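*Asks:* I have a structure here, written as structure tokens, and I will follow up with some questions on it.
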Amino acid sequence: MKFIKLSLVFICFGLYTQAQQLFLPLDHDENAFTEMHLSKKDVNFHTSIKPYFYEEIELINLDSIDSLLTDTNRLFLLPNSKWARALRWVENKLMDEDLVYINKPGFKFRANLLLDLNLGRDQVSDDSFWQNTRGYWLSGKIGDKLYFESTFYENQAKLAPYIRDYSYSSLVIPGQGRFKIFKEGAGADWAFASGAVGYKPSKYFTLALGHGKHFLGEGYRSLLLSDNAFNYPYIKLETNVWNLKYVNMWAQLSHVGFENAADRNWTQKYLAVHYLSWNATKRFNISLYESISWLKADKGFDWQYMNPIIFLRPVEWQNGSADNVLVGLSTKYKVSDNISFYGQFVLDDFNVQEFKKQDGYWGNKYGGQIGVKAFNLFKVYGLSAQAEYNVVRPFTYTHFDSTNGHGHMNQPLAHPLGANFQEAIGIVRYKYKRHKLSLKIVWSEFGTDTLGVNHGGNVFVDYNTNRADINNDGGLNGYTIGQGLYNKLNYFEGRYAYLVNPRAKLFLEVGFRERSLSKQNLADSETRYYFIGLRTSLNNFYNDYF
């Protein structure tokens with residue numbers, strides 16, 4: 001009953017603030033605060049499908065929760081003079097309102113600046129690093145059913161050494177695509193844009209056409225489809241009926257190739273995704289996933305995969321093709337309003353007879369995830385915690401054609417480590433009014449290739465090429481997690497952020513990042529990095545896995 005009353009209050013406050021946006025930004029910290037409300041036992045919501053449509057979470061007005069300025073805590077307390085009103089208008093624009101807001105019959109529009117201005121210093125290298133990002137964020141609504149949004153970032157940065165090394169080897173900035181080098185290799189220059197148009201003819205259907213990212217799962221990572229890689233063009237149809245939500249998505253992906261920058265091998269491919277989420281009870285959700293990718297050069301766009309309710313594997317088999325198919329499931333159980341367990345399982349290929357031998361057959365390709373989330377810990381509103389364990393066997397997500405692995409723009413589409421790894425993650429978050437604190441620790445071990453031998457960790461390497469069992473003439477019967485060049489990563493990050501403007505998602509933050517990567521028989525790599533910045537929080541950009 002309390003939740004119903006609270007929801008009615010949110011509706012009264014929320015109609016102004018949320019009706020003109022398409023998606024809630026893909027940001028783990030902000031999504032966790034939203035899930036604190038959406039994960040209650042009596043709420044029939046499918047939390048594993050992200051980004052969330054604002055229209056579907058309008059009961060939870062995040063802006064009204066964040067925006068707590070009153071006359072008692074304003075920066076300026078001045079008489080009601082002309083200058084005081086002007087100063088108060090500036091204050092409201094900076095700290096509580098959109099830069100531009102239009103609310104007319106049949107048309108709503110909002111615009112804000114995007115910023116990521118940060119400066120930091122690494123104690124290990126005794127060097128300073130910085131990023132200078134400027135851009136815009138537009139969103140709006142035309143009539144009652146059509147939505148749109150657009151973002152653009154222009155970036156220059158001097159990257160921290162471990163991020164620079166990863167970018168140079170993969171030829172992309174993590175999660176942000178291609179870049180140009182400047183300042184004699186010390187700097188990077190790149191642009192990042194996304195946008196979408198959404199059409200919601202009824203409460204049952206939502207159609208989106210855009211260029212962006214998606215995330216399927218309850219965890220910090222996803223073993224199915226995550227927001228790790230760069231944006232891609234897509235068409236997505238969501239059907240919401242009873243306790244079911246069904247996602248159909250078709251996307252075009254790119255493989256850049258790992259040659260030098262002057263000779264990149266561009267390959268286009270397509271991806272079709274089906275994801276069925278079922279809230280079987282008030283406590284239990286189970287979701288089924290399947291995807292298939294195929295090369296554009298082989299057969300163009302295969303219209304048989306446009307059927308929204310067909311299983312993709314039989315179609316692929318009848319075609320006589322060998323496209324890259326993945327299946328999996330995601331699940332969640334609500335122990336209470338504040339505690340949920342979740343998990344995922346992904347299956348690429350599986351041979352029962354080989355599995356019975358228990359000798360680590362390379363062709364048994366699968367992975368799993370298990371995790372727990374807790375909200376309002378110790379009855380403290382806004383205090384949450386999350387623990388998660390991920391493991392993926394070697395060669396999962398790979399394909400006999402290296403360009404058709406489960407990846408896009410030289411990064412995996414699922415877990416950022418690709419395959420051949422295990423990982424444990426712990427996160428604590430606290431949000432109070434405009435203050436936000438987060439602590440994150442990541443431990444992982446993973447195996448990488450050695451001297452041209454494929455150990456199954458790189459999803460962009462042909463699984464029939466240079467496998468260790470082939471190279472050793474059968475002497476090596478199986479594969480274990482971490483095989484190859486053994487890597488062990490310990491990562492810790494702490495951030496404090498003050499929400500400067502809830503409408504623009506603008507935070508002033510300070511933080512600390514400590515990272516230690518040890519490689520078998522090689523020198524260790526360490527980072528101890530302090531930073532301060534002014535940042536618009538709309539995306540997850542992961543720097544905690546390499």
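Each chain of the structure tokens is named A, B, ... in the order shown, its residues numbered from 1; ligands are numbered from 1 in display order.
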I'd like the neighbourhood of segment 45-57 of chain A as a PyMOL selection string, where a residue qualifies if any of its atoms comes within 7 Å (using only C-alpha atoms), though same-chain residues fewer than 6 positions away should be ignored.
*Replies:* chain A and resi 18-19+21-26+38+214-218+277
*Asks:* Can you list, as a PyMOL selection string, all residues belonging to segment 436-522 of chain A that DSSP tags as strand (DSSP E or B)?
*Replies:* chain A and resi 436-448+450+453-454+467+485-501+506-519
*Asks:* Please identify all polymer residues within 6 Å of Lys431 of chain A, counting only C-alpha atoms, omitting same-chain residues fewer than 2 positions from it, and present them as a PyMOL selection string.
*Replies:* chain A and resi 382+435-436
*Asks:* Ranking A:Leu244, A:Leu237, A:Val461, A:Ala387 by minimum distance to Gly257 of chain A and counting only C-alpha atoms, which one comes first?
*Replies:*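 Of A:Leu244, A:Leu237, A:Val461, A:Ala387, the one nearest Gly257 of chain A is A:Val461, counting only C-alpha atoms.
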*Asks:* Using only C-alpha atoms, can you tell me which of A:Gly533, A:Gly363, A:Gly371, A:Pro161 comes closest to Arg515 of chain A?
*Replies:*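 Selected residue with least distance to Arg515 of chain A: A:Pro161.
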*Asks:* Would you mind reading off the distance between atom CA of Ile173 of chain A and atom CA of Ala188 of chain A, one decimal, in Å?
*Replies:*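 Between these atoms lies a distance of 8.8 Å.
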*Asks:* What parts of segment 121-369 of chain A does DSSP call helix (DSSP H, G or I)? I'd like the answer as a VMD selection string.
*Replies:* chain A and resid 161 to 170 261 to 263 296 to 299 303 to 306 312 to 318 352 to 357
*Asks:* Give me, please, the distance in Å between atom CA of Phe395 of chain A and atom CA of Glu526 of chain A, quoted to one decimal.
*Replies:*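 Computing the Euclidean distance for atom CA of Phe395 of chain A and atom CA of Glu526 of chain A yields 28.5 Å.
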*Asks:* Please determine, counting only C-alpha atoms, which residue among A:Ala468, A:Ile181, A:Ile370, A:Gly120 has the shortest atom-to-atom distance to Arg164 of chain A.
*Replies:*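 When distances to Arg164 of chain A are compared using only C-alpha atoms, the smallest one comes from A:Ile181.
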*Asks:* As a count of residues only, please: the residues near segment 399-409 of chain A (cut-off 9 Å, only C-alpha atoms, same-chain neighbours under 5 positions excluded).
*Replies:* 34
*Asks:* What's the 7 Å shell around segment 40-44 of chain A, counting only C-alpha atoms, without same-chain residues fewer than 4 positions away, as a PyMOL selection string?
*Replies:* chain A and resi 282-283+334+336-337
*Asks:* I need the chosen residues saved as an mmCIF file, in the first residue's frame, with N, CA and C atoms.
*Replies:*
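Result file result01.cif:
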data_model
loop_
_atom_site.group_PDB
_atom_site.id
_atom_site.type_symbol
_atom_site.label_atom_id
_atom_site.label_comp_id
_atom_site.auth_asym_id
_atom_site.auth_seq_id
_atom_site.Cartn_x
_atom_site.Cartn_y
_atom_site.Cartn_z
ATOM 1 N N LYS A 282 5.692 -13.356 -8.839
ATOM 2 C CA LYS A 282 6.084 -12.037 -8.354
ATOM 3 C C LYS A 282 7.555 -11.992 -7.952
ATOM 4 N N ARG A 283 8.126 -13.170 -7.681
ATOM 5 C CA ARG A 283 9.512 -13.224 -7.222
ATOM 6 C C ARG A 283 10.494 -13.688 -8.296
ATOM 7 N N LYS A 334 13.684 -12.758 -6.434
ATOM 8 C CA LYS A 334 13.567 -11.732 -5.399
ATOM 9 C C LYS A 334 13.308 -12.405 -4.055
ATOM 10 N N SER A 336 13.388 -10.820 -1.231
ATOM 11 C CA SER A 336 12.546 -9.837 -0.551
ATOM 12 C C SER A 336 12.543 -8.578 -1.404
ATOM 13 N N ASP A 337 11.938 -7.516 -0.912
ATOM 14 C CA ASP A 337 11.943 -6.254 -1.645
ATOM 15 C C ASP A 337 13.353 -5.699 -1.821
#
*Asks:* Please measure the separation of atom CA of Phe512 of chain A and atom CA of Ser226 of chain A, giving the value in Å to one decimal.
*Replies:* 25.4 Å
*Asks:* Need the shell around Phe311 of chain A: protein/DNA/RNA residues with any atom at most 12 Å away, counting only C-alpha atoms. Skip same-chain ones fewer than 5 positions apart. Format as a ChimeraX atom specification?
*Replies:* /A:248,272-276,288-292,304-306,316-318,325-327
*Asks:* Output C-alpha atoms for every residue in that selection, as an mmCIF file, in the first residue's frame.
*Replies:*
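The result, written out as part-v2.cif:
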data_model
loop_
_atom_site.group_PDB
_atom_site.id
_atom_site.type_symbol
_atom_site.label_atom_id
_atom_site.label_comp_id
_atom_site.auth_asym_id
_atom_site.auth_seq_id
_atom_site.Cartn_x
_atom_site.Cartn_y
_atom_site.Cartn_z
ATOM 1 C CA ASN A 248 13.472 -8.486 -31.266
ATOM 2 C CA ALA A 272 19.591 -10.804 -35.060
ATOM 3 C CA VAL A 273 18.538 -11.139 -31.407
ATOM 4 C CA HIS A 274 15.499 -12.684 -29.697
ATOM 5 C CA TYR A 275 15.061 -12.203 -25.939
ATOM 6 C CA LEU A 276 11.957 -13.402 -24.065
ATOM 7 C CA LEU A 288 15.615 -16.891 -22.881
ATOM 8 C CA TYR A 289 18.152 -15.518 -25.355
ATOM 9 C CA GLU A 290 19.241 -16.436 -28.857
ATOM 10 C CA SER A 291 21.275 -14.524 -31.410
ATOM 11 C CA ILE A 292 22.795 -15.183 -34.789
ATOM 12 C CA GLN A 304 14.577 -15.202 -43.109
ATOM 13 C CA TYR A 305 16.003 -13.949 -39.838
ATOM 14 C CA MET A 306 13.432 -11.127 -39.767
ATOM 15 C CA GLU A 316 20.387 -21.365 -40.042
ATOM 16 C CA TRP A 317 20.665 -25.168 -40.448
ATOM 17 C CA GLN A 318 18.117 -25.302 -43.272
ATOM 18 C CA VAL A 325 24.623 -18.796 -33.136
ATOM 19 C CA LEU A 326 24.477 -18.211 -29.375
ATOM 20 C CA VAL A 327 21.775 -19.269 -26.917
#
*Asks:* Do a neighbour search on Asp348 of chain A at 6 Å with only C-alpha atoms, toss out local chain neighbours closer than 4 positions, and write the hits as a list in words.
*Replies:*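 Counting only C-alpha atoms, the residues come to Leu326, Lys365, Tyr366 and Thr396 of chain A.
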*Asks:* How would the residues just picked look written out with C-alpha atoms as a PDB file, in the first residue's frame?
*Replies:*
ATOM      1  CA  LEU A 326      24.477 -18.211 -29.375  1.00  0.00           C
ATOM      2  CA  LYS A 365      31.988 -23.596 -25.189  1.00  0.00           C
ATOM      3  CA  TYR A 366      29.865 -22.094 -22.428  1.00  0.00           C
ATOM      4  CA  THR A 396      33.236 -19.345 -26.315  1.00  0.00           C
TER       5      THR A 396
END
